[in-house]
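So this block is run.cif, mmCIF, C-alpha atoms:
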data_query
#
loop_
_atom_site.group_PDB
_atom_site.id
_atom_site.type_symbol
_atom_site.label_atom_id
_atom_site.label_comp_id
_atom_site.auth_asym_id
_atom_site.auth_seq_id
_atom_site.Cartn_x
_atom_site.Cartn_y
_atom_site.Cartn_z
ATOM 1 C CA MET K 1 -32.406 -42.282 -2.974
ATOM 2 C CA SER K 2 -30.117 -40.293 -5.177
ATOM 3 C CA MET K 3 -30.526 -40.856 -8.896
ATOM 4 C CA ILE K 4 -27.039 -39.599 -9.689
ATOM 5 C CA PRO K 5 -24.653 -42.523 -10.050
ATOM 6 C CA THR K 6 -21.617 -42.300 -7.848
ATOM 7 C CA PRO K 7 -18.441 -42.103 -9.966
ATOM 8 C CA VAL K 8 -16.331 -45.155 -9.437
ATOM 9 C CA ILE K 9 -12.689 -44.305 -8.855
ATOM 10 C CA ALA K 10 -10.902 -47.409 -9.941
ATOM 11 C CA ASP K 11 -7.312 -48.042 -9.100
ATOM 12 C CA ASN K 12 -6.604 -48.499 -12.787
ATOM 13 C CA ASN K 13 -8.119 -45.094 -13.686
ATOM 14 C CA PRO K 14 -5.385 -43.483 -15.850
ATOM 15 C CA TYR K 15 -6.415 -39.934 -14.899
ATOM 16 C CA ARG K 16 -6.281 -40.719 -11.214
ATOM 17 C CA ALA K 17 -2.932 -42.429 -11.664
ATOM 18 C CA ARG K 18 -1.541 -39.362 -13.414
ATOM 19 C CA TYR K 19 -3.008 -37.097 -10.725
ATOM 20 C CA LEU K 20 -1.376 -39.148 -7.987
ATOM 21 C CA ALA K 21 1.925 -39.159 -9.866
ATOM 22 C CA ASN K 22 1.758 -35.364 -10.192
ATOM 23 C CA GLN K 23 1.040 -35.077 -6.470
ATOM 24 C CA LYS K 24 4.237 -36.985 -5.726
ATOM 25 C CA MET K 25 6.365 -35.179 -8.300
ATOM 26 C CA LYS K 26 5.371 -31.564 -7.754
ATOM 27 C CA PRO K 27 6.508 -29.851 -4.590
ATOM 28 C CA ARG K 28 3.645 -27.892 -3.023
ATOM 29 C CA ASN K 29 4.086 -24.258 -3.961
ATOM 30 C CA ALA K 30 5.075 -22.944 -0.563
ATOM 31 C CA PHE K 31 6.100 -19.529 -1.913
ATOM 32 C CA GLU K 32 2.675 -18.638 -3.285
ATOM 33 C CA ARG K 33 0.961 -19.898 -0.113
ATOM 34 C CA VAL K 34 3.248 -17.878 2.154
ATOM 35 C CA ALA K 35 2.893 -14.813 -0.127
ATOM 36 C CA TRP K 36 -0.913 -15.134 0.011
ATOM 37 C CA GLN K 37 -0.885 -15.356 3.814
ATOM 38 C CA PHE K 38 1.646 -12.521 4.097
ATOM 39 C CA MET K 39 -0.594 -10.202 2.034
ATOM 40 C CA ARG K 40 -3.538 -10.792 4.405
ATOM 41 C CA TYR K 41 -1.673 -10.534 7.719
ATOM 42 C CA SER K 42 0.656 -7.676 6.708
ATOM 43 C CA GLY K 43 -2.383 -5.878 5.243
ATOM 44 C CA LEU K 44 -4.217 -6.114 8.579
ATOM 45 C CA ALA K 45 -1.114 -4.836 10.411
ATOM 46 C CA LEU K 46 -0.666 -2.019 7.896
ATOM 47 C CA VAL K 47 -4.239 -0.828 8.455
ATOM 48 C CA PHE K 48 -3.139 0.176 11.977
ATOM 49 C CA LEU K 49 0.430 1.238 11.155
ATOM 50 C CA ALA K 50 -0.203 3.158 7.913
ATOM 51 C CA LEU K 51 -3.477 4.775 9.011
ATOM 52 C CA SER K 52 -2.004 5.854 12.376
ATOM 53 C CA HIS K 53 0.945 7.408 10.522
ATOM 54 C CA TRP K 54 -1.435 9.093 8.066
ATOM 55 C CA GLY K 55 -3.686 10.397 10.847
ATOM 56 C CA LEU K 56 -0.706 11.727 12.798
ATOM 57 C CA GLN K 57 0.842 13.530 9.813
ATOM 58 C CA HIS K 58 -2.243 14.773 7.963
ATOM 59 C CA LEU K 59 -5.106 15.030 10.489
ATOM 60 C CA ILE K 60 -3.577 15.723 13.940
ATOM 61 C CA ASN K 61 -0.656 17.614 12.408
ATOM 62 C CA SER K 62 -0.590 18.766 8.816
ATOM 63 C CA VAL K 63 1.953 18.820 6.015
ATOM 64 C CA HIS K 64 2.118 22.611 6.446
ATOM 65 C CA ASP K 65 3.578 22.137 9.978
ATOM 66 C CA LEU K 66 6.221 19.694 8.780
ATOM 67 C CA THR K 67 9.667 21.124 9.433
ATOM 68 C CA LEU K 68 13.128 19.646 9.795
ATOM 69 C CA ASP K 69 12.820 20.232 13.550
ATOM 70 C CA ALA K 70 9.725 18.013 13.673
ATOM 71 C CA THR K 71 11.608 15.274 11.845
ATOM 72 C CA ILE K 72 14.604 15.665 14.171
ATOM 73 C CA SER K 73 12.335 15.310 17.225
ATOM 74 C CA ARG K 74 11.370 11.809 16.018
ATOM 75 C CA TRP K 75 14.473 10.472 14.294
ATOM 76 C CA GLY K 76 17.183 12.336 16.174
ATOM 77 C CA ILE K 77 20.344 13.958 14.849
ATOM 78 C CA ALA K 78 23.060 11.939 13.135
ATOM 79 C CA GLY K 79 26.014 11.463 15.454
ATOM 80 C CA GLN K 80 24.067 12.178 18.662
ATOM 81 C CA THR K 81 22.902 9.591 21.166
ATOM 82 C CA ALA K 82 19.251 8.753 20.600
ATOM 83 C CA THR K 83 16.761 8.796 23.453
ATOM 84 C CA LEU K 84 14.345 5.938 24.164
ATOM 85 C CA GLU K 85 11.547 7.988 22.555
ATOM 86 C CA ILE K 86 13.565 8.373 19.361
ATOM 87 C CA TRP K 87 14.254 4.622 19.313
ATOM 88 C CA PHE K 88 10.495 4.005 19.649
ATOM 89 C CA TRP K 89 9.779 6.183 16.588
ATOM 90 C CA ARG K 90 12.609 4.574 14.642
ATOM 91 C CA ALA K 91 11.249 1.086 15.371
ATOM 92 C CA TYR K 92 7.685 2.148 14.462
ATOM 93 C CA TYR K 93 8.775 3.601 11.125
ATOM 94 C CA ALA K 94 11.134 0.698 10.357
ATOM 95 C CA VAL K 95 8.307 -1.849 10.816
ATOM 96 C CA LEU K 96 5.927 0.328 8.776
ATOM 97 C CA LEU K 97 8.544 0.797 6.036
ATOM 98 C CA GLY K 98 9.454 -2.885 5.813
ATOM 99 C CA LEU K 99 5.891 -4.202 5.789
ATOM 100 C CA ALA K 100 4.652 -1.545 3.330
ATOM 101 C CA MET K 101 7.498 -2.130 0.874
ATOM 102 C CA MET K 102 7.115 -5.941 0.970
ATOM 103 C CA HIS K 103 3.322 -5.660 0.670
ATOM 104 C CA GLY K 104 3.725 -3.258 -2.255
ATOM 105 C CA LEU K 105 6.359 -5.354 -4.020
ATOM 106 C CA ASN K 106 4.238 -8.497 -3.804
ATOM 107 C CA GLY K 107 1.163 -6.607 -4.990
ATOM 108 C CA LEU K 108 3.132 -5.271 -7.944
ATOM 109 C CA ARG K 109 4.364 -8.808 -8.679
ATOM 110 C CA GLN K 110 0.765 -10.064 -8.869
ATOM 111 C CA VAL K 111 -0.280 -7.240 -11.190
ATOM 112 C CA LEU K 112 2.769 -7.670 -13.489
ATOM 113 C CA TYR K 113 2.242 -11.450 -13.579
ATOM 114 C CA ASP K 114 -1.375 -10.976 -14.644
ATOM 115 C CA TYR K 115 -0.735 -8.487 -17.450
ATOM 116 C CA PHE K 116 2.736 -9.287 -18.877
ATOM 117 C CA HIS K 117 2.280 -12.685 -20.457
ATOM 118 C CA TYR K 118 5.612 -12.454 -22.250
ATOM 119 C CA ARG K 119 7.749 -13.822 -19.393
ATOM 120 C CA PRO K 120 11.032 -12.025 -20.223
ATOM 121 C CA LEU K 121 9.130 -8.731 -20.054
ATOM 122 C CA TYR K 122 7.560 -9.758 -16.708
ATOM 123 C CA TRP K 123 10.964 -10.726 -15.298
ATOM 124 C CA GLY K 124 12.546 -7.539 -16.640
ATOM 125 C CA PHE K 125 9.966 -5.366 -14.876
ATOM 126 C CA MET K 126 10.224 -7.511 -11.742
ATOM 127 C CA VAL K 127 14.016 -7.162 -11.525
ATOM 128 C CA LEU K 128 13.834 -3.393 -12.167
ATOM 129 C CA SER K 129 11.091 -2.762 -9.592
ATOM 130 C CA THR K 130 12.718 -5.050 -6.999
ATOM 131 C CA VAL K 131 16.027 -3.206 -7.355
ATOM 132 C CA LEU K 132 14.256 0.166 -7.090
ATOM 133 C CA ILE K 133 12.170 -0.850 -4.051
ATOM 134 C CA VAL K 134 15.138 -2.423 -2.218
ATOM 135 C CA PHE K 135 17.280 0.663 -2.952
ATOM 136 C CA VAL K 136 14.647 3.096 -1.626
ATOM 137 C CA SER K 137 13.946 0.863 1.408
ATOM 138 C CA VAL K 138 17.627 0.696 2.353
ATOM 139 C CA ALA K 139 17.904 4.496 1.990
ATOM 140 C CA GLY K 140 14.823 4.906 4.206
ATOM 141 C CA LEU K 141 16.176 2.500 6.832
ATOM 142 C CA ALA K 142 19.493 4.353 6.761
ATOM 143 C CA VAL K 143 17.937 7.724 7.621
ATOM 144 C CA LEU K 144 15.878 6.065 10.376
ATOM 145 C CA LEU K 145 18.907 4.462 12.009
ATOM 146 C CA LEU K 146 21.355 7.339 11.431
ATOM 147 C CA GLY K 147 19.057 10.327 12.116
ATOM 148 C CA VAL K 148 18.737 13.668 10.370
ATOM 149 C CA ASN K 149 22.007 15.065 9.008
ATOM 150 C CA ALA K 150 21.682 18.380 10.858
ATOM 151 C CA ALA K 151 25.306 19.346 10.176
ATOM 152 C CA ALA K 152 24.445 19.614 6.468
ATOM 153 C CA THR K 153 21.787 22.267 7.104
ATOM 154 C CA GLY K 154 24.453 24.854 7.903
ATOM 155 C CA ALA K 155 22.610 25.820 11.081
ATOM 156 C CA ALA K 156 23.260 22.809 13.271
ATOM 157 C CA VAL K 157 21.210 23.089 16.455
ATOM 158 C CA VAL K 158 22.337 21.246 19.550
ATOM 159 C CA ARG K 159 19.325 19.866 21.372
ATOM 160 C CA MET E 1 -1.070 -0.506 -26.472
ATOM 161 C CA GLY E 2 -3.750 -2.771 -27.881
ATOM 162 C CA THR E 3 -3.073 -5.173 -25.026
ATOM 163 C CA LEU E 4 -3.487 -2.374 -22.501
ATOM 164 C CA LEU E 5 -6.851 -1.401 -24.037
ATOM 165 C CA THR E 6 -7.938 -5.059 -23.992
ATOM 166 C CA ILE E 7 -7.001 -5.329 -20.305
ATOM 167 C CA LEU E 8 -8.951 -2.148 -19.476
ATOM 168 C CA ARG E 9 -12.007 -3.094 -21.570
ATOM 169 C CA GLU E 10 -12.202 -6.674 -20.320
ATOM 170 C CA SER E 11 -11.611 -5.630 -16.686
ATOM 171 C CA LEU E 12 -14.672 -3.368 -16.942
ATOM 172 C CA ARG E 13 -16.806 -5.711 -19.076
ATOM 173 C CA TYR E 14 -16.328 -8.796 -16.874
ATOM 174 C CA LYS E 15 -19.687 -9.309 -15.189
ATOM 175 C CA GLY E 16 -18.436 -9.532 -11.640
ATOM 176 C CA ARG E 17 -20.421 -6.392 -10.821
ATOM 177 C CA GLU E 18 -19.545 -4.496 -7.602
ATOM 178 C CA ALA E 19 -17.004 -7.009 -6.319
ATOM 179 C CA GLN E 20 -15.180 -6.922 -9.679
ATOM 180 C CA TRP E 21 -15.014 -3.128 -9.642
ATOM 181 C CA LEU E 22 -13.760 -3.143 -6.040
ATOM 182 C CA TRP E 23 -11.080 -5.692 -7.037
ATOM 183 C CA LEU E 24 -10.018 -3.505 -9.970
ATOM 184 C CA PHE E 25 -9.911 -0.349 -7.867
ATOM 185 C CA HIS E 26 -8.005 -2.210 -5.134
ATOM 186 C CA ARG E 27 -5.253 -2.898 -7.677
ATOM 187 C CA VAL E 28 -5.241 0.651 -9.063
ATOM 188 C CA SER E 29 -5.176 2.219 -5.572
ATOM 189 C CA GLY E 30 -2.442 -0.201 -4.489
ATOM 190 C CA LEU E 31 -0.237 0.797 -7.423
ATOM 191 C CA GLY E 32 -0.911 4.482 -6.693
ATOM 192 C CA ILE E 33 0.030 4.052 -3.027
ATOM 193 C CA LEU E 34 3.233 2.182 -3.959
ATOM 194 C CA PHE E 35 4.186 4.990 -6.362
ATOM 195 C CA TYR E 36 3.628 7.593 -3.627
ATOM 196 C CA LEU E 37 5.418 5.438 -1.030
ATOM 197 C CA LEU E 38 8.590 5.266 -3.138
ATOM 198 C CA ILE E 39 8.661 9.057 -3.672
ATOM 199 C CA HIS E 40 7.882 9.705 0.006
ATOM 200 C CA VAL E 41 10.547 7.349 1.421
ATOM 201 C CA PHE E 42 13.116 8.613 -1.102
ATOM 202 C CA ASP E 43 12.345 12.201 -0.067
ATOM 203 C CA MET E 44 12.580 11.378 3.653
ATOM 204 C CA SER E 45 15.860 9.506 3.156
ATOM 205 C CA LEU E 46 17.306 12.765 1.806
ATOM 206 C CA ALA E 47 16.991 14.134 5.363
ATOM 207 C CA TYR E 48 20.288 12.290 5.831
ATOM 208 C CA PHE E 49 21.769 12.132 2.326
ATOM 209 C CA ASN E 50 20.926 15.605 0.957
ATOM 210 C CA VAL E 51 19.152 17.960 3.354
ATOM 211 C CA PRO E 52 18.737 20.970 0.976
ATOM 212 C CA ILE E 53 16.910 18.842 -1.653
ATOM 213 C CA HIS E 54 14.881 17.233 1.154
ATOM 214 C CA GLU E 55 13.711 20.666 2.332
ATOM 215 C CA GLU E 56 12.937 21.739 -1.249
ATOM 216 C CA MET E 57 10.783 18.645 -1.752
ATOM 217 C CA ILE E 58 8.929 19.243 1.539
ATOM 218 C CA ALA E 59 8.281 22.835 0.389
ATOM 219 C CA LEU E 60 6.933 21.442 -2.898
ATOM 220 C CA PHE E 61 4.533 19.144 -0.974
ATOM 221 C CA LYS E 62 3.023 22.252 0.676
ATOM 222 C CA THR E 63 1.963 23.824 -2.642
ATOM 223 C CA PRO E 64 -1.767 23.794 -3.607
ATOM 224 C CA LEU E 65 -1.252 21.275 -6.449
ATOM 225 C CA PHE E 66 0.235 18.758 -4.014
ATOM 226 C CA SER E 67 -2.550 19.490 -1.505
ATOM 227 C CA VAL E 68 -5.009 18.248 -4.130
ATOM 228 C CA LEU E 69 -2.872 15.147 -4.749
ATOM 229 C CA GLU E 70 -2.746 14.677 -0.960
ATOM 230 C CA LEU E 71 -6.570 14.538 -0.862
ATOM 231 C CA ALA E 72 -6.546 11.897 -3.614
ATOM 232 C CA MET E 73 -3.896 9.981 -1.664
ATOM 233 C CA ALA E 74 -6.094 10.040 1.466
ATOM 234 C CA ALA E 75 -9.038 8.609 -0.472
ATOM 235 C CA LEU E 76 -6.875 5.883 -2.091
ATOM 236 C CA LEU E 77 -5.311 4.927 1.251
ATOM 237 C CA ILE E 78 -8.626 4.758 3.127
ATOM 238 C CA TYR E 79 -10.250 2.766 0.322
ATOM 239 C CA HIS E 80 -7.327 0.337 0.095
ATOM 240 C CA ALA E 81 -7.352 -0.134 3.886
ATOM 241 C CA VAL E 82 -11.123 -0.670 4.239
ATOM 242 C CA ASN E 83 -11.410 -2.930 1.198
ATOM 243 C CA GLY E 84 -8.260 -4.775 2.262
ATOM 244 C CA VAL E 85 -9.825 -5.533 5.652
ATOM 245 C CA ARG E 86 -12.878 -6.903 3.809
ATOM 246 C CA VAL E 87 -10.703 -9.112 1.581
ATOM 247 C CA ALA E 88 -8.523 -10.336 4.444
ATOM 248 C CA ILE E 89 -11.398 -11.159 6.798
ATOM 249 C CA LEU E 90 -13.444 -12.919 4.101
ATOM 250 C CA ASP E 91 -10.414 -14.878 2.843
ATOM 251 C CA LEU E 92 -9.379 -15.976 6.313
ATOM 252 C CA ARG E 93 -12.948 -16.794 7.465
ATOM 253 C CA PRO E 94 -14.715 -18.721 4.636
ATOM 254 C CA GLU E 95 -17.854 -19.183 6.757
ATOM 255 C CA LEU E 96 -18.543 -15.454 6.234
ATOM 256 C CA TRP E 97 -18.769 -15.809 2.430
ATOM 257 C CA VAL E 98 -22.598 -15.904 2.653
ATOM 258 C CA HIS E 99 -22.441 -12.168 3.462
ATOM 259 C CA GLN E 100 -20.296 -11.229 0.408
ATOM 260 C CA GLN E 101 -22.788 -8.917 -1.300
ATOM 261 C CA LYS E 102 -23.746 -6.967 1.820
ATOM 262 C CA VAL E 103 -20.115 -6.560 2.871
ATOM 263 C CA THR E 104 -19.163 -5.306 -0.601
ATOM 264 C CA ARG E 105 -21.522 -2.353 -0.266
ATOM 265 C CA LEU E 106 -20.523 -1.900 3.389
ATOM 266 C CA SER E 107 -16.879 -1.465 2.358
ATOM 267 C CA LEU E 108 -17.830 1.367 -0.018
ATOM 268 C CA MET E 109 -19.998 2.993 2.666
ATOM 269 C CA VAL E 110 -17.262 2.832 5.330
ATOM 270 C CA THR E 111 -14.786 4.308 2.824
ATOM 271 C CA ALA E 112 -17.129 7.233 2.141
ATOM 272 C CA ILE E 113 -17.848 7.766 5.871
ATOM 273 C CA LEU E 114 -14.134 7.860 6.728
ATOM 274 C CA THR E 115 -13.043 9.872 3.676
ATOM 275 C CA ALA E 116 -15.574 12.715 4.022
ATOM 276 C CA PRO E 117 -14.349 14.127 7.390
ATOM 277 C CA THR E 118 -10.717 13.486 6.363
ATOM 278 C CA VAL E 119 -11.169 15.641 3.258
ATOM 279 C CA VAL E 120 -12.871 18.395 5.292
ATOM 280 C CA ILE E 121 -10.090 18.472 7.908
ATOM 281 C CA MET E 122 -7.359 18.501 5.263
ATOM 282 C CA LEU E 123 -9.120 21.242 3.294
ATOM 283 C CA ILE E 124 -9.258 23.387 6.440
ATOM 284 C CA TYR E 125 -5.484 22.935 6.940
ATOM 285 C CA THR E 126 -4.841 23.763 3.273
ATOM 286 C CA PHE E 127 -7.117 26.808 3.431
ATOM 287 C CA ASN E 128 -5.388 28.102 6.573
ATOM 288 C CA ALA E 129 -1.954 27.582 5.046
ATOM 289 C CA ASN E 130 -2.809 29.367 1.784
ATOM 290 C CA PHE E 131 -5.410 31.974 2.819
ATOM 291 C CA GLY E 132 -4.993 32.047 6.607
ATOM 292 C CA HIS E 133 -3.545 35.569 6.474
ATOM 293 C CA VAL E 134 -6.683 36.762 4.623
ATOM 294 C CA ALA E 135 -8.999 35.334 7.299
ATOM 295 C CA THR E 136 -6.826 36.858 10.045
ATOM 296 C CA ALA E 137 -6.912 40.250 8.275
ATOM 297 C CA ILE E 138 -10.722 40.138 8.057
ATOM 298 C CA THR E 139 -11.362 39.101 11.677
ATOM 299 C CA HIS E 140 -8.915 41.622 13.169
#

I'd like the structure from this file rewritten - as structure tokens, please.
Amino acid sequence: MSMIPTPVIADNNPYRARYLANQKMKPRNAFERVAWQFMRYSGLALVFLALSHWGLQHLINSVHDLTLDATISRWGIAGQTATLEIWFWRAYYAVLLGLAMMHGLNGLRQVLYDYFHYRPLYWGFMVLSTVLIVFVSVAGLAVLLLGVNAAATGAAVVR
Amino acid sequence: MGTLLTILRESLRYKGREAQWLWLFHRVSGLGILFYLLIHVFDMSLAYFNVPIHEEMIALFKTPLFSVLELAMAALLIYHAVNGVRVAILDLRPELWVHQQKVTRLSLMVTAILTAPTVVIMLIYTFNANFGHVATAITH
């Protein structure tokens, strides 16, 4: 039989008592668990969303074909009623935008947490980058929902 | 600055071998993609808020310098996607951990296999956009 003696966990073991006390006192860190799961599942979703967007814009089409008209055909013109097709593109880009920004913000949080051990510096960078990312995301969502501002081009085309 | 050098040196010296380097490059590529994402979404949002600057930025993205950056972006994105699938699947299915070493190399191979044709296709587009008139002049 086994030569290794089995450790006896006595009820009066002070370490075990402290461990059990900690278990009761500390709430389980739900945020980190949810963030960990979110990174995996949003990452898998983004493989399809981001790579399909990349393939569409850089392999099937190319950046050299990108015109304002091409953008209008997907996002519509501000002030005009959007077709079902335009709403499909808007939804696709909104999901891609939201997931990518949240995935990126959490990834940045992990990197900053690892390398900025001086917590005020970590929090400073976190607040700055969160404000920046939220600002850019809201601007991106706005253009998706409103459409291209064709009136500002000077040559407004009615489609 | 000294801290930054320590981070870089220790990240490379840590004897995690291939998996460690993939982890490091996953971080670097992720930060690069986030940086690009912010510029890209800001630029596209100007299609509502300031169309002339939006069009100027799009014109800038068509210049040869940005075509080179675009190739780098493609490689970063494909690597981050392929390696991310590896991380996600292994993390969510612990019974697959016995295959870690094989899958590590597989992720690099799949990245190379997907990146090579992408780079070729994008180079053809860039060539046509910059020198297309030369090729047309020769063939006609």

Exercise for review: Would you write out, as a VMD selection string, every residue that the PyMOL selection byres ((chain K) within 9 of (chain E)) captures in this file?
Suggested key: chain K and resid 37 39 to 41 43 to 44 46 to 47 50 to 51 54 to 55 58 to 59 62 to 64 66 to 68 71 78 97 100 to 101 104 to 105 107 to 108 111 115 132 to 133 136 to 137 139 to 144 146 to 150 152 to 153

Practice item. For atom CA of E:Ala112 and atom CA of E:Trp21, quote the distance in Å rounded to one decimal. Key: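 Computed distance, atom CA of E:Ala112 to atom CA of E:Trp21, equals 15.8 Å.
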
Name the residues in contact with K:Arg109 at a cut-off of 10 Å, using all atoms listed in the file, excluding same-chain residues fewer than 6 positions from it; report them as a CSV table (one decimal) with C-alpha atoms, in the coordinates of the input.
chain,number,residue,atom,x,y,z
K,103,HIS,CA,3.3,-5.7,0.7
K,122,TYR,CA,7.6,-9.8,-16.7
K,123,TRP,CA,11.0,-10.7,-15.3
K,125,PHE,CA,10.0,-5.4,-14.9
K,126,MET,CA,10.2,-7.5,-11.7
K,129,SER,CA,11.1,-2.8,-9.6
K,130,THR,CA,12.7,-5.0,-7.0

**Study point:** For stretch 97-111 of chain E: contacts at 8 Å, all atoms listed in the file, fewer than 5 positions along chain excluded, given as an MDAnalysis selection string
**Key:** chainID E and resid 18:19 22 75 78:79 82:83 86 90

Review point. So, counting all atoms listed in the file, which residue among K:Met102, K:Leu112, K:Val131, K:Ile72 is closest to K:Trp89?
Key: K:Ile72

Review point. What is the atom CA of K:Asn29 to atom CA of K:Ser42 distance in Å?
Key: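 It comes out at 20.0 Å.
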
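Atom to atom, atom CA of K:Leu49 and atom CA of K:Ala30 stand 27.3 Å apart.
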
Would you mind writing stretch 15-22 of chain K with all heavy atoms, as a PDB file, in the coordinates of the input?
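Contents of part_2.pdb, as written:
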ATOM      1  N   TYR K  15      -6.452 -41.341 -15.334  1.00  0.00           N
ATOM      2  CA  TYR K  15      -6.415 -39.934 -14.899  1.00  0.00           C
ATOM      3  C   TYR K  15      -6.023 -39.824 -13.442  1.00  0.00           C
ATOM      4  O   TYR K  15      -5.238 -38.949 -13.046  1.00  0.00           O
ATOM      5  CB  TYR K  15      -7.777 -39.280 -15.149  1.00  0.00           C
ATOM      6  CG  TYR K  15      -8.137 -39.263 -16.609  1.00  0.00           C
ATOM      7  CD1 TYR K  15      -9.077 -40.149 -17.108  1.00  0.00           C
ATOM      8  CD2 TYR K  15      -7.504 -38.385 -17.481  1.00  0.00           C
ATOM      9  CE1 TYR K  15      -9.389 -40.158 -18.456  1.00  0.00           C
ATOM     10  CE2 TYR K  15      -7.800 -38.392 -18.822  1.00  0.00           C
ATOM     11  CZ  TYR K  15      -8.753 -39.270 -19.312  1.00  0.00           C
ATOM     12  OH  TYR K  15      -9.048 -39.279 -20.635  1.00  0.00           O
ATOM     13  N   ARG K  16      -6.610 -40.722 -12.626  1.00  0.00           N
ATOM     14  CA  ARG K  16      -6.281 -40.719 -11.214  1.00  0.00           C
ATOM     15  C   ARG K  16      -4.819 -41.092 -10.996  1.00  0.00           C
ATOM     16  O   ARG K  16      -4.131 -40.504 -10.150  1.00  0.00           O
ATOM     17  CB  ARG K  16      -7.196 -41.689 -10.464  1.00  0.00           C
ATOM     18  CG  ARG K  16      -6.962 -41.697  -8.962  1.00  0.00           C
ATOM     19  CD  ARG K  16      -8.060 -42.442  -8.236  1.00  0.00           C
ATOM     20  NE  ARG K  16      -7.658 -42.721  -6.858  1.00  0.00           N
ATOM     21  CZ  ARG K  16      -7.636 -41.792  -5.897  1.00  0.00           C
ATOM     22  NH1 ARG K  16      -8.000 -40.555  -6.159  1.00  0.00           N
ATOM     23  NH2 ARG K  16      -7.257 -42.125  -4.676  1.00  0.00           N
ATOM     24  N   ALA K  17      -4.333 -42.011 -11.782  1.00  0.00           N
ATOM     25  CA  ALA K  17      -2.932 -42.429 -11.664  1.00  0.00           C
ATOM     26  C   ALA K  17      -2.006 -41.251 -11.981  1.00  0.00           C
ATOM     27  O   ALA K  17      -1.038 -40.996 -11.263  1.00  0.00           O
ATOM     28  CB  ALA K  17      -2.643 -43.586 -12.621  1.00  0.00           C
ATOM     29  N   ARG K  18      -2.378 -40.510 -13.039  1.00  0.00           N
ATOM     30  CA  ARG K  18      -1.541 -39.362 -13.414  1.00  0.00           C
ATOM     31  C   ARG K  18      -1.599 -38.284 -12.336  1.00  0.00           C
ATOM     32  O   ARG K  18      -0.601 -37.665 -11.991  1.00  0.00           O
ATOM     33  CB  ARG K  18      -2.018 -38.793 -14.756  1.00  0.00           C
ATOM     34  CG  ARG K  18      -1.007 -37.842 -15.381  1.00  0.00           C
ATOM     35  CD  ARG K  18      -1.586 -37.078 -16.529  1.00  0.00           C
ATOM     36  NE  ARG K  18      -1.979 -37.943 -17.636  1.00  0.00           N
ATOM     37  CZ  ARG K  18      -2.793 -37.551 -18.620  1.00  0.00           C
ATOM     38  NH1 ARG K  18      -3.271 -36.328 -18.631  1.00  0.00           N
ATOM     39  NH2 ARG K  18      -3.136 -38.362 -19.589  1.00  0.00           N
ATOM     40  N   TYR K  19      -2.839 -38.090 -11.788  1.00  0.00           N
ATOM     41  CA  TYR K  19      -3.008 -37.097 -10.725  1.00  0.00           C
ATOM     42  C   TYR K  19      -2.135 -37.446  -9.528  1.00  0.00           C
ATOM     43  O   TYR K  19      -1.443 -36.595  -8.963  1.00  0.00           O
ATOM     44  CB  TYR K  19      -4.485 -37.041 -10.338  1.00  0.00           C
ATOM     45  CG  TYR K  19      -4.772 -36.270  -9.080  1.00  0.00           C
ATOM     46  CD1 TYR K  19      -4.744 -34.884  -9.092  1.00  0.00           C
ATOM     47  CD2 TYR K  19      -5.057 -36.928  -7.879  1.00  0.00           C
ATOM     48  CE1 TYR K  19      -4.996 -34.166  -7.942  1.00  0.00           C
ATOM     49  CE2 TYR K  19      -5.306 -36.229  -6.737  1.00  0.00           C
ATOM     50  CZ  TYR K  19      -5.272 -34.846  -6.762  1.00  0.00           C
ATOM     51  OH  TYR K  19      -5.519 -34.147  -5.628  1.00  0.00           O
ATOM     52  N   LEU K  20      -2.168 -38.725  -9.141  1.00  0.00           N
ATOM     53  CA  LEU K  20      -1.376 -39.148  -7.987  1.00  0.00           C
ATOM     54  C   LEU K  20       0.116 -39.011  -8.267  1.00  0.00           C
ATOM     55  O   LEU K  20       0.887 -38.587  -7.393  1.00  0.00           O
ATOM     56  CB  LEU K  20      -1.706 -40.605  -7.619  1.00  0.00           C
ATOM     57  CG  LEU K  20      -3.087 -40.807  -6.989  1.00  0.00           C
ATOM     58  CD1 LEU K  20      -3.389 -42.277  -6.814  1.00  0.00           C
ATOM     59  CD2 LEU K  20      -3.167 -40.088  -5.638  1.00  0.00           C
ATOM     60  N   ALA K  21       0.513 -39.305  -9.501  1.00  0.00           N
ATOM     61  CA  ALA K  21       1.925 -39.159  -9.866  1.00  0.00           C
ATOM     62  C   ALA K  21       2.346 -37.693  -9.770  1.00  0.00           C
ATOM     63  O   ALA K  21       3.424 -37.375  -9.253  1.00  0.00           O
ATOM     64  CB  ALA K  21       2.158 -39.694 -11.274  1.00  0.00           C
ATOM     65  N   ASN K  22       1.464 -36.800 -10.266  1.00  0.00           N
ATOM     66  CA  ASN K  22       1.758 -35.364 -10.192  1.00  0.00           C
ATOM     67  C   ASN K  22       1.892 -34.902  -8.747  1.00  0.00           C
ATOM     68  O   ASN K  22       2.732 -34.073  -8.428  1.00  0.00           O
ATOM     69  CB  ASN K  22       0.652 -34.566 -10.881  1.00  0.00           C
ATOM     70  CG  ASN K  22       0.865 -34.529 -12.378  1.00  0.00           C
ATOM     71  OD1 ASN K  22       1.949 -34.839 -12.852  1.00  0.00           O
ATOM     72  ND2 ASN K  22      -0.162 -34.167 -13.113  1.00  0.00           N
TER      73      ASN K  22
END
